[in-house]
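For reference, the structure discussed in these notes is given below.
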Amino acid sequence: MSAAAAALRIALVGNPNCGKTALFNVLTGSRQKVANYPGVTVERKLGHFVSPAGARVEVLDLPGTYSLRSHSPDQAVTRDVMLGRFEHEAAPDVVVCVVNATNLRLNLNLLLELRRLNRPIILALNMMDVAEQRGCRIDVAALAAGLGVPVVPTVAIRRGGTAGLLEQIDRLLPTLARQPGACDWAEPSAGELRGFRREVDRILADSLLTAARPPELTRRIDRVLLHPLAGTLFLLLVLFLVFQAVFTWAATPMDLIDAGMTALQEAVRNTMPDGPLRSLLADGVIAGVGSVLIFLPQILILFLFIQVLEASGYMTRAAFLLDRLMGGVGLHGRAFIPLLSSFACAIPGIMAARTIENRADRLVTIMIAPLMTCSARLPVYTLIIAAFIPARRVAGGLIGLQGLVMFALYATGIVAALAVAFVLKRTTLRGAREPLLMELPPYRWPNPRDVLLGLVERARTFLWRAGTTIFAIMVLLWFLASWPAPPEGATGSAIDHSLAGMIGHALAPLLAPVGFNWQIAIALVPGMAAREVLVAALGTVYAMSETGEALQSTLAGALAADWSLPTALALLAWFVFAPQCVSTLGVVRRETNSWRWPLIMFGYLMALAYAAAFVTFRVASALLGG
Amino acid sequence: MWQSVLALALVLAALAWLLWSMLLPRAVTDRLRRLAGRPFPAAPTGCGTCGGCGSRTAGKTCR
C-alpha cells in the first residue's frame, strides 16, 4: 500500500462562509482563495499535512452547504464525497464539521445530519475570537456531551488557532482501525428537519451560556449601505473611485516600467550586432512582452480594491442591492457572485455558477459571464485610452476623463450582459425566477497578510503568463513577421512582405467595414489565446513596421499616429464583446458537458463584437470625420 | 550566422511550448507522455490553463 493510500483522510464540511478554506489553508499551508462571502469554494480541494504525532493526513476542503440534500452542482460534490459516491474516491475517515461559533443555531443542523453517516466527527467551533468579542460564552464540554462528538474551539486566522483540532485528530487515530458503522443517511424529510432544529434548541439550552450579541456596528453600517438610494449611490461611488484610482495611482510605476523596457530595448540594439537574434529580442520579445508588463500596476491596484471589498463583507451587500436589477432581467440572485468573479476572469466566474441549482439559470449566468470586463481586457482598454483620450479633468476638475471612459466601458459590459440575459430568459432559457437567499456576514477588517498574499499570487500569475505563453506567442509572431525576407529592392517595412503581413492583408477586407487595419487584423489572431496578447502583438507588429524615428516612439504613440479616433473607439467596442479567450470556451464546454453552448457563446459574442464595432466606427466617422 | 541559429532554436522552442501547453489536445499529450515513460497526471483542477483567477493550482494537477 502506498503512503498516500495509508494517509488518514479528513473532510472539512460546514455551512457556507464559516471559515473552512481558511482552516484548510492554515492546516495545509495552501493559499486557496478566501473571502467574506458564501460560495467561494465550488469544488473539492485536496491538501496534506503531518499531525503533531507524525500521522500523515489528507484534507479535503468541500463547498459549503446547509444540508446534504442540496442539489446545486457545488453542493452535490459535498454530498457525493461524504456519501462515498464521488468517482474514484472513498468516503473520508474523519469528518471535521466546521461551524461559525457566532451562529450555532443555524450551523448545528448540518452536524445532526452528518451524524447519520456513522463516521467519526469532530466539531470545530471556528471564529471563536469573534464569538468572544461579541460576548458569546459556550460550555464546550456540555456541547460535546449534547452532540455526542468531540468539540474543539478554533481560530483559523490566528497562529496556533488550530492546536486543539490537531490534538483531537491525533487522539482519534487509535480508534480508526474499527470499521465505521453502516451509513444511515437518507434525504431528510421536512419533519426530520424540524426535528433537527428542535434538538439543536435543546442542546443549546444547556451549552450556550450567553448568546453572541448581534453585530451592532454591522447593523448600523447596513442601515446606510443597504438603503435603496444611499446604498446604490455608495456602490456607484465605490466603483467609480476604483477606476479613477486604477489610472491615477498606477501612472508612476507604469512610467518606470516603460522606461525600463525602453532602456532594455536600447541596450540590446546598442550592444548586439545587427541580425535576426537582435531583432527577435528587441522587436519581438521586449516590444511585445514589455507592452503587457507595463499594465501590472493597474491590475494589482484593481485587485487590491476587489480583495479589500471581498474580505470586508461588502460584496454580499452589493449582491443584495443589485438583486432587484438582476431580477428585472430574469437573472437568479445567486448569479451575482459568479458575475462578480468574472471581473477577475470569466473562468472562475463560470465555475462559480455551480452554486445555482436551476440549469436554465446556470446557463444564462455562464453565457453572460464573458461580458463582465475581465482583467485581461484592462491592458487593451488602457493602451487605447492612453493613446486617444486626453489626460484631462472634467466636471470642474473632479473627474479624470480617462478613468471616466474606463468606467463607461465596464458599465457597457454590465448593461450588455443584462440585455443578453433578458433576451435569453425570454427565449431559449425560460423559467420562473427564484428568490435570493444569502447570509449577510458581519463586516470585518481585511487581513493585510491575506490581501498581500493575494496580490503576490496575482502578480506571480501575470508574470508567469507573460514569461511563458505571451513570450512564446511573441517569438512565433516575430518569426511570422520577419519571414520571408523582403525581395531585393523592395520598399516599405519588412513585415509587409512577411507571412504575418500576408495574413493581415488577407483578413483586412473582412475587418475594413469596422475600421480595423491589417496590423490590427494580425494582432487579433494571436489575441484569441488571451485578450492581453493583442497588446503584445500590436507591440511586436508596430515595432517591426516602423522605421527611423518612429521606431523610438512608445506603442501608444505609434497607435495615435497610425489610427483614427473612430478606429480606436471601434476596437474598444469590439473588446467589450469579443470572445477572444480559448480557455473560457474550453471551460464552458466542460461545465455544460457539450460543445453546443461554447459554440453559441462564440457565435453570439463575435456577432455582437462586429456589430458594435461597425456601429461605433460608422457613427464616430460621421460625427468626427474618419 | 550564430544569430540565425539561436533565433531559429528559440522559435522552435516557442512552437513546441505552445503546441504542448495550448494547442495539442490532452489525449495527444497524455499519449506522448506515456510513450516517453513519463508519470501520467490525473485530470487537472478547475481552471485548465487559464490561471487568470490567480489560483496557485491553475493549470496544475490536483493529485
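Here, A, B, ... name the chains of the C-alpha cells in the order displayed, residue numbers run from 1 inside each chain, and ligands are numbered from 1 in the same displayed order.
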What residues in chain A lie within 6 Å of chain B, counting only C-alpha atoms, written as a VMD selection string? chain A and resid 276 to 277 344 to 345 457 to 458 461 472 475 to 476 583
Residues at most 9 Å from segment 605-611 of chain A, counting only C-alpha atoms, excluding those fewer than 4 positions away in the same chain, as a PyMOL selection string? chain A and resi 370-371+511+514+573-580+600-601+615-616
Export of the given selection (N, CA, C and O atoms) as a compact mmCIF listing (two decimals), in the first residue's frame:
# COMPACT_ATOMS: atom_id res chain seq x y z
N PRO A 370 -18.69 36.11 -19.81
CA PRO A 370 -17.59 36.77 -20.55
C PRO A 370 -17.85 38.24 -20.85
O PRO A 370 -16.94 38.95 -21.29
N LEU A 371 -19.09 38.72 -20.64
CA LEU A 371 -19.35 40.15 -20.89
C LEU A 371 -18.90 41.02 -19.72
O LEU A 371 -18.79 42.24 -19.86
N LEU A 511 -12.32 43.07 -42.08
CA LEU A 511 -12.39 43.98 -40.94
C LEU A 511 -12.43 45.45 -41.34
O LEU A 511 -12.62 46.32 -40.49
N VAL A 514 -15.33 47.71 -40.21
CA VAL A 514 -15.36 48.19 -38.82
C VAL A 514 -14.16 49.09 -38.53
O VAL A 514 -13.91 49.46 -37.38
N ALA A 573 -15.01 49.08 -28.61
CA ALA A 573 -16.36 48.46 -28.67
C ALA A 573 -16.23 46.97 -28.97
O ALA A 573 -16.94 46.14 -28.39
N TRP A 574 -15.31 46.60 -29.86
CA TRP A 574 -15.07 45.19 -30.20
C TRP A 574 -14.71 44.40 -28.95
O TRP A 574 -15.23 43.33 -28.70
N PHE A 575 -13.83 44.99 -28.13
CA PHE A 575 -13.33 44.24 -26.98
C PHE A 575 -14.32 44.18 -25.82
O PHE A 575 -14.13 43.39 -24.90
N VAL A 576 -15.37 45.01 -25.85
CA VAL A 576 -16.41 44.84 -24.82
C VAL A 576 -17.08 43.47 -25.02
O VAL A 576 -17.47 42.81 -24.06
N PHE A 577 -17.15 43.01 -26.28
CA PHE A 577 -17.89 41.78 -26.57
C PHE A 577 -17.02 40.60 -26.99
O PHE A 577 -17.40 39.45 -26.77
N ALA A 578 -15.88 40.86 -27.64
CA ALA A 578 -15.18 39.78 -28.36
C ALA A 578 -14.84 38.59 -27.47
O ALA A 578 -14.31 38.76 -26.38
N PRO A 579 -15.15 37.36 -27.94
CA PRO A 579 -14.88 36.16 -27.14
C PRO A 579 -13.46 35.68 -27.32
O PRO A 579 -13.23 34.51 -27.64
N GLN A 580 -12.49 36.56 -27.16
CA GLN A 580 -11.13 36.17 -27.52
C GLN A 580 -10.38 35.51 -26.39
O GLN A 580 -9.40 36.04 -25.87
N ILE A 600 -22.37 28.42 -29.31
CA ILE A 600 -23.36 29.52 -29.30
C ILE A 600 -22.73 30.78 -28.71
O ILE A 600 -22.89 31.89 -29.21
N MET A 601 -21.96 30.58 -27.62
CA MET A 601 -21.31 31.74 -26.98
C MET A 601 -20.36 32.44 -27.95
O MET A 601 -20.39 33.66 -28.10
N VAL A 615 -21.07 49.76 -35.80
CA VAL A 615 -21.90 50.94 -35.46
C VAL A 615 -21.02 52.05 -34.89
O VAL A 615 -21.13 53.23 -35.28
N THR A 616 -20.11 51.68 -33.98
CA THR A 616 -19.24 52.70 -33.36
C THR A 616 -18.39 53.40 -34.42
O THR A 616 -18.27 54.63 -34.43
Counting only C-alpha atoms, what is within 6 Å of segment 399-403 of chain A, bar same-chain residues fewer than 3 positions away, as a PDB file with C-alpha atoms, in the first residue's frame?
ATOM      1  CA  PHE A 243     -11.437  53.139 -11.829  1.00  0.00           C
ATOM      2  CA  GLN A 244     -10.137  56.608 -11.030  1.00  0.00           C
ATOM      3  CA  ARG A 392      -7.515  65.998 -18.594  1.00  0.00           C
ATOM      4  CA  ARG A 393     -10.058  66.504 -15.865  1.00  0.00           C
ATOM      5  CA  VAL A 394     -13.727  67.328 -16.349  1.00  0.00           C
ATOM      6  CA  MET A 406     -12.788  53.178 -18.435  1.00  0.00           C
TER       7      MET A 406
END
For Leu572 of chain A, please output as a PyMOL selection string all residues within 12 Å (counting only C-alpha atoms; exclusion window: fewer than 5 positions along the same chain). chain A and resi 373+377-385+388-389+405-406+408-410+412-413+514-516+565-567+577-578+609-610+612-614+616-617
Those same residues - N, CA, C and O atoms - I'd like them written as a CSV table (one decimal), in the first residue's frame.
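The resulting file, selection-v4.csv, is reproduced below:
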chain,number,residue,atom,x,y,z
A,373,THR,N,-16.2,42.7,-17.6
A,373,THR,CA,-14.8,43.1,-18.0
A,373,THR,C,-13.7,42.4,-17.2
A,373,THR,O,-13.5,42.8,-16.1
A,377,ARG,N,-8.8,42.4,-20.2
A,377,ARG,CA,-9.1,43.5,-21.1
A,377,ARG,C,-8.5,44.8,-20.7
A,377,ARG,O,-8.4,45.7,-21.4
A,378,LEU,N,-8.1,44.8,-19.4
A,378,LEU,CA,-7.5,46.1,-18.9
A,378,LEU,C,-6.4,46.6,-19.7
A,378,LEU,O,-6.4,47.8,-20.0
A,379,PRO,N,-5.4,45.8,-20.0
A,379,PRO,CA,-4.3,46.3,-20.9
A,379,PRO,C,-4.8,46.9,-22.2
A,379,PRO,O,-4.2,47.9,-22.7
A,380,VAL,N,-5.8,46.2,-22.8
A,380,VAL,CA,-6.2,46.7,-24.1
A,380,VAL,C,-6.9,48.1,-24.0
A,380,VAL,O,-6.6,49.0,-24.7
A,381,TYR,N,-7.8,48.1,-23.0
A,381,TYR,CA,-8.5,49.4,-22.8
A,381,TYR,C,-7.5,50.5,-22.4
A,381,TYR,O,-7.6,51.6,-22.9
A,382,THR,N,-6.6,50.2,-21.5
A,382,THR,CA,-5.7,51.3,-21.0
A,382,THR,C,-4.8,51.8,-22.2
A,382,THR,O,-4.6,53.0,-22.3
A,383,LEU,N,-4.3,50.8,-23.0
A,383,LEU,CA,-3.5,51.2,-24.1
A,383,LEU,C,-4.2,52.2,-25.0
A,383,LEU,O,-3.7,53.3,-25.4
A,384,ILE,N,-5.4,51.8,-25.4
A,384,ILE,CA,-6.1,52.7,-26.4
A,384,ILE,C,-6.6,54.0,-25.7
A,384,ILE,O,-6.5,55.1,-26.4
A,385,ILE,N,-7.0,53.9,-24.5
A,385,ILE,CA,-7.4,55.2,-23.8
A,385,ILE,C,-6.2,56.1,-23.7
A,385,ILE,O,-6.3,57.3,-23.9
A,388,PHE,N,-5.6,57.8,-27.1
A,388,PHE,CA,-6.6,58.6,-27.7
A,388,PHE,C,-7.4,59.5,-26.9
A,388,PHE,O,-8.0,60.4,-27.3
A,389,ILE,N,-7.4,59.2,-25.6
A,389,ILE,CA,-8.3,60.1,-24.7
A,389,ILE,C,-7.3,61.0,-23.9
A,389,ILE,O,-6.4,60.5,-23.2
A,405,VAL,N,-13.9,57.2,-19.0
A,405,VAL,CA,-14.0,56.3,-20.2
A,405,VAL,C,-13.9,54.9,-19.8
A,405,VAL,O,-14.7,54.0,-20.2
A,406,MET,N,-13.0,54.6,-18.9
A,406,MET,CA,-12.8,53.2,-18.4
A,406,MET,C,-14.1,52.7,-17.7
A,406,MET,O,-14.5,51.6,-17.9
A,408,ALA,N,-17.0,53.8,-18.2
A,408,ALA,CA,-18.1,53.6,-19.1
A,408,ALA,C,-18.0,52.3,-19.9
A,408,ALA,O,-19.0,51.6,-20.1
A,409,LEU,N,-16.7,51.9,-20.1
A,409,LEU,CA,-16.5,50.6,-20.8
A,409,LEU,C,-17.0,49.4,-19.9
A,409,LEU,O,-17.6,48.5,-20.3
A,410,TYR,N,-16.6,49.5,-18.6
A,410,TYR,CA,-17.1,48.5,-17.7
A,410,TYR,C,-18.6,48.5,-17.6
A,410,TYR,O,-19.2,47.4,-17.6
A,412,THR,N,-20.7,49.5,-19.8
A,412,THR,CA,-21.3,48.9,-21.1
A,412,THR,C,-21.3,47.4,-21.1
A,412,THR,O,-22.3,46.8,-21.5
A,413,GLY,N,-20.2,46.8,-20.5
A,413,GLY,CA,-20.2,45.3,-20.4
A,413,GLY,C,-21.3,44.8,-19.5
A,413,GLY,O,-22.0,43.9,-19.9
A,514,VAL,N,-15.3,47.7,-40.2
A,514,VAL,CA,-15.4,48.2,-38.8
A,514,VAL,C,-14.2,49.1,-38.5
A,514,VAL,O,-13.9,49.5,-37.4
A,515,GLY,N,-13.4,49.4,-39.6
A,515,GLY,CA,-12.3,50.4,-39.4
A,515,GLY,C,-11.0,49.8,-39.0
A,515,GLY,O,-10.1,50.6,-38.7
A,516,PHE,N,-10.8,48.5,-38.9
A,516,PHE,CA,-9.6,47.9,-38.5
A,516,PHE,C,-8.6,47.8,-39.7
A,516,PHE,O,-9.0,47.4,-40.8
A,565,LEU,N,-9.4,58.2,-34.6
A,565,LEU,CA,-10.2,58.1,-33.4
A,565,LEU,C,-11.4,57.1,-33.6
A,565,LEU,O,-11.6,56.2,-32.7
A,566,PRO,N,-12.1,57.1,-34.7
A,566,PRO,CA,-13.2,56.1,-34.9
A,566,PRO,C,-12.6,54.7,-34.9
A,566,PRO,O,-13.3,53.8,-34.3
A,567,THR,N,-11.5,54.5,-35.4
A,567,THR,CA,-10.9,53.1,-35.4
A,567,THR,C,-10.6,52.7,-33.9
A,567,THR,O,-10.9,51.6,-33.5
A,577,PHE,N,-17.1,43.0,-26.3
A,577,PHE,CA,-17.9,41.8,-26.6
A,577,PHE,C,-17.0,40.6,-27.0
A,577,PHE,O,-17.4,39.5,-26.8
A,578,ALA,N,-15.9,40.9,-27.6
A,578,ALA,CA,-15.2,39.8,-28.4
A,578,ALA,C,-14.8,38.6,-27.5
A,578,ALA,O,-14.3,38.8,-26.4
A,609,ALA,N,-19.7,41.7,-31.2
A,609,ALA,CA,-18.5,42.5,-31.3
A,609,ALA,C,-18.4,43.2,-32.7
A,609,ALA,O,-18.1,44.4,-32.8
A,610,TYR,N,-18.7,42.4,-33.7
A,610,TYR,CA,-18.7,43.0,-35.1
A,610,TYR,C,-19.7,44.1,-35.2
A,610,TYR,O,-19.4,45.2,-35.7
A,612,ALA,N,-21.1,45.9,-32.8
A,612,ALA,CA,-20.8,47.1,-32.0
A,612,ALA,C,-19.7,47.9,-32.6
A,612,ALA,O,-19.7,49.1,-32.6
A,613,ALA,N,-18.7,47.2,-33.1
A,613,ALA,CA,-17.5,47.9,-33.7
A,613,ALA,C,-18.0,48.6,-35.0
A,613,ALA,O,-17.6,49.8,-35.2
A,614,PHE,N,-18.9,48.0,-35.8
A,614,PHE,CA,-19.3,48.6,-37.0
A,614,PHE,C,-20.1,49.9,-36.7
A,614,PHE,O,-19.9,50.9,-37.3
A,616,THR,N,-20.1,51.7,-34.0
A,616,THR,CA,-19.2,52.7,-33.4
A,616,THR,C,-18.4,53.4,-34.4
A,616,THR,O,-18.3,54.6,-34.4
A,617,PHE,N,-17.8,52.6,-35.3
A,617,PHE,CA,-16.9,53.2,-36.3
A,617,PHE,C,-17.7,54.1,-37.3
A,617,PHE,O,-17.3,55.2,-37.6
Which of segment 119-158 of chain A counts as strand (DSSP E) under DSSP, as an NGL selection string please? :A and (121-126 or 137-138 or 151-153)
Write out, as a PDB file, in the first residue's frame, the residues just selected, with N, CA and C atoms.
ATOM      1  N   ILE A 121     -16.699  12.118  13.888  1.00  0.00           N
ATOM      2  CA  ILE A 121     -16.887  13.549  13.606  1.00  0.00           C
ATOM      3  C   ILE A 121     -16.184  14.364  14.681  1.00  0.00           C
ATOM      4  N   ILE A 122     -15.518  15.443  14.254  1.00  0.00           N
ATOM      5  CA  ILE A 122     -15.003  16.439  15.203  1.00  0.00           C
ATOM      6  C   ILE A 122     -15.721  17.740  14.880  1.00  0.00           C
ATOM      7  N   LEU A 123     -16.220  18.402  15.883  1.00  0.00           N
ATOM      8  CA  LEU A 123     -16.857  19.697  15.649  1.00  0.00           C
ATOM      9  C   LEU A 123     -15.823  20.791  15.912  1.00  0.00           C
ATOM     10  N   ALA A 124     -15.519  21.581  14.875  1.00  0.00           N
ATOM     11  CA  ALA A 124     -14.592  22.712  15.033  1.00  0.00           C
ATOM     12  C   ALA A 124     -15.413  23.981  15.219  1.00  0.00           C
ATOM     13  N   LEU A 125     -15.354  24.531  16.441  1.00  0.00           N
ATOM     14  CA  LEU A 125     -16.064  25.789  16.730  1.00  0.00           C
ATOM     15  C   LEU A 125     -15.202  26.928  16.213  1.00  0.00           C
ATOM     16  N   ASN A 126     -15.384  27.279  14.948  1.00  0.00           N
ATOM     17  CA  ASN A 126     -14.495  28.278  14.333  1.00  0.00           C
ATOM     18  C   ASN A 126     -14.974  29.698  14.639  1.00  0.00           C
ATOM     19  N   ARG A 137     -20.631  32.973  25.182  1.00  0.00           N
ATOM     20  CA  ARG A 137     -19.962  32.011  26.075  1.00  0.00           C
ATOM     21  C   ARG A 137     -20.574  30.638  25.826  1.00  0.00           C
ATOM     22  N   ILE A 138     -19.692  29.691  25.527  1.00  0.00           N
ATOM     23  CA  ILE A 138     -20.164  28.338  25.199  1.00  0.00           C
ATOM     24  C   ILE A 138     -19.539  27.362  26.180  1.00  0.00           C
ATOM     25  N   VAL A 151     -15.624  18.348  20.635  1.00  0.00           N
ATOM     26  CA  VAL A 151     -15.776  19.746  20.198  1.00  0.00           C
ATOM     27  C   VAL A 151     -14.479  20.486  20.499  1.00  0.00           C
ATOM     28  N   VAL A 152     -13.921  21.190  19.505  1.00  0.00           N
ATOM     29  CA  VAL A 152     -12.689  21.966  19.737  1.00  0.00           C
ATOM     30  C   VAL A 152     -12.864  23.384  19.205  1.00  0.00           C
ATOM     31  N   PRO A 153     -12.554  24.387  20.035  1.00  0.00           N
ATOM     32  CA  PRO A 153     -12.601  25.758  19.521  1.00  0.00           C
ATOM     33  C   PRO A 153     -11.428  26.002  18.577  1.00  0.00           C
TER      34      PRO A 153
END
Which residues come within 12 Å of Leu302 of chain A, counting only C-alpha atoms, excluding same-chain residues fewer than 4 positions away, as number ranges by chain? A: 238-250, 295-298, 306-309, 343-344, 373-376, 378, 455, 458-459
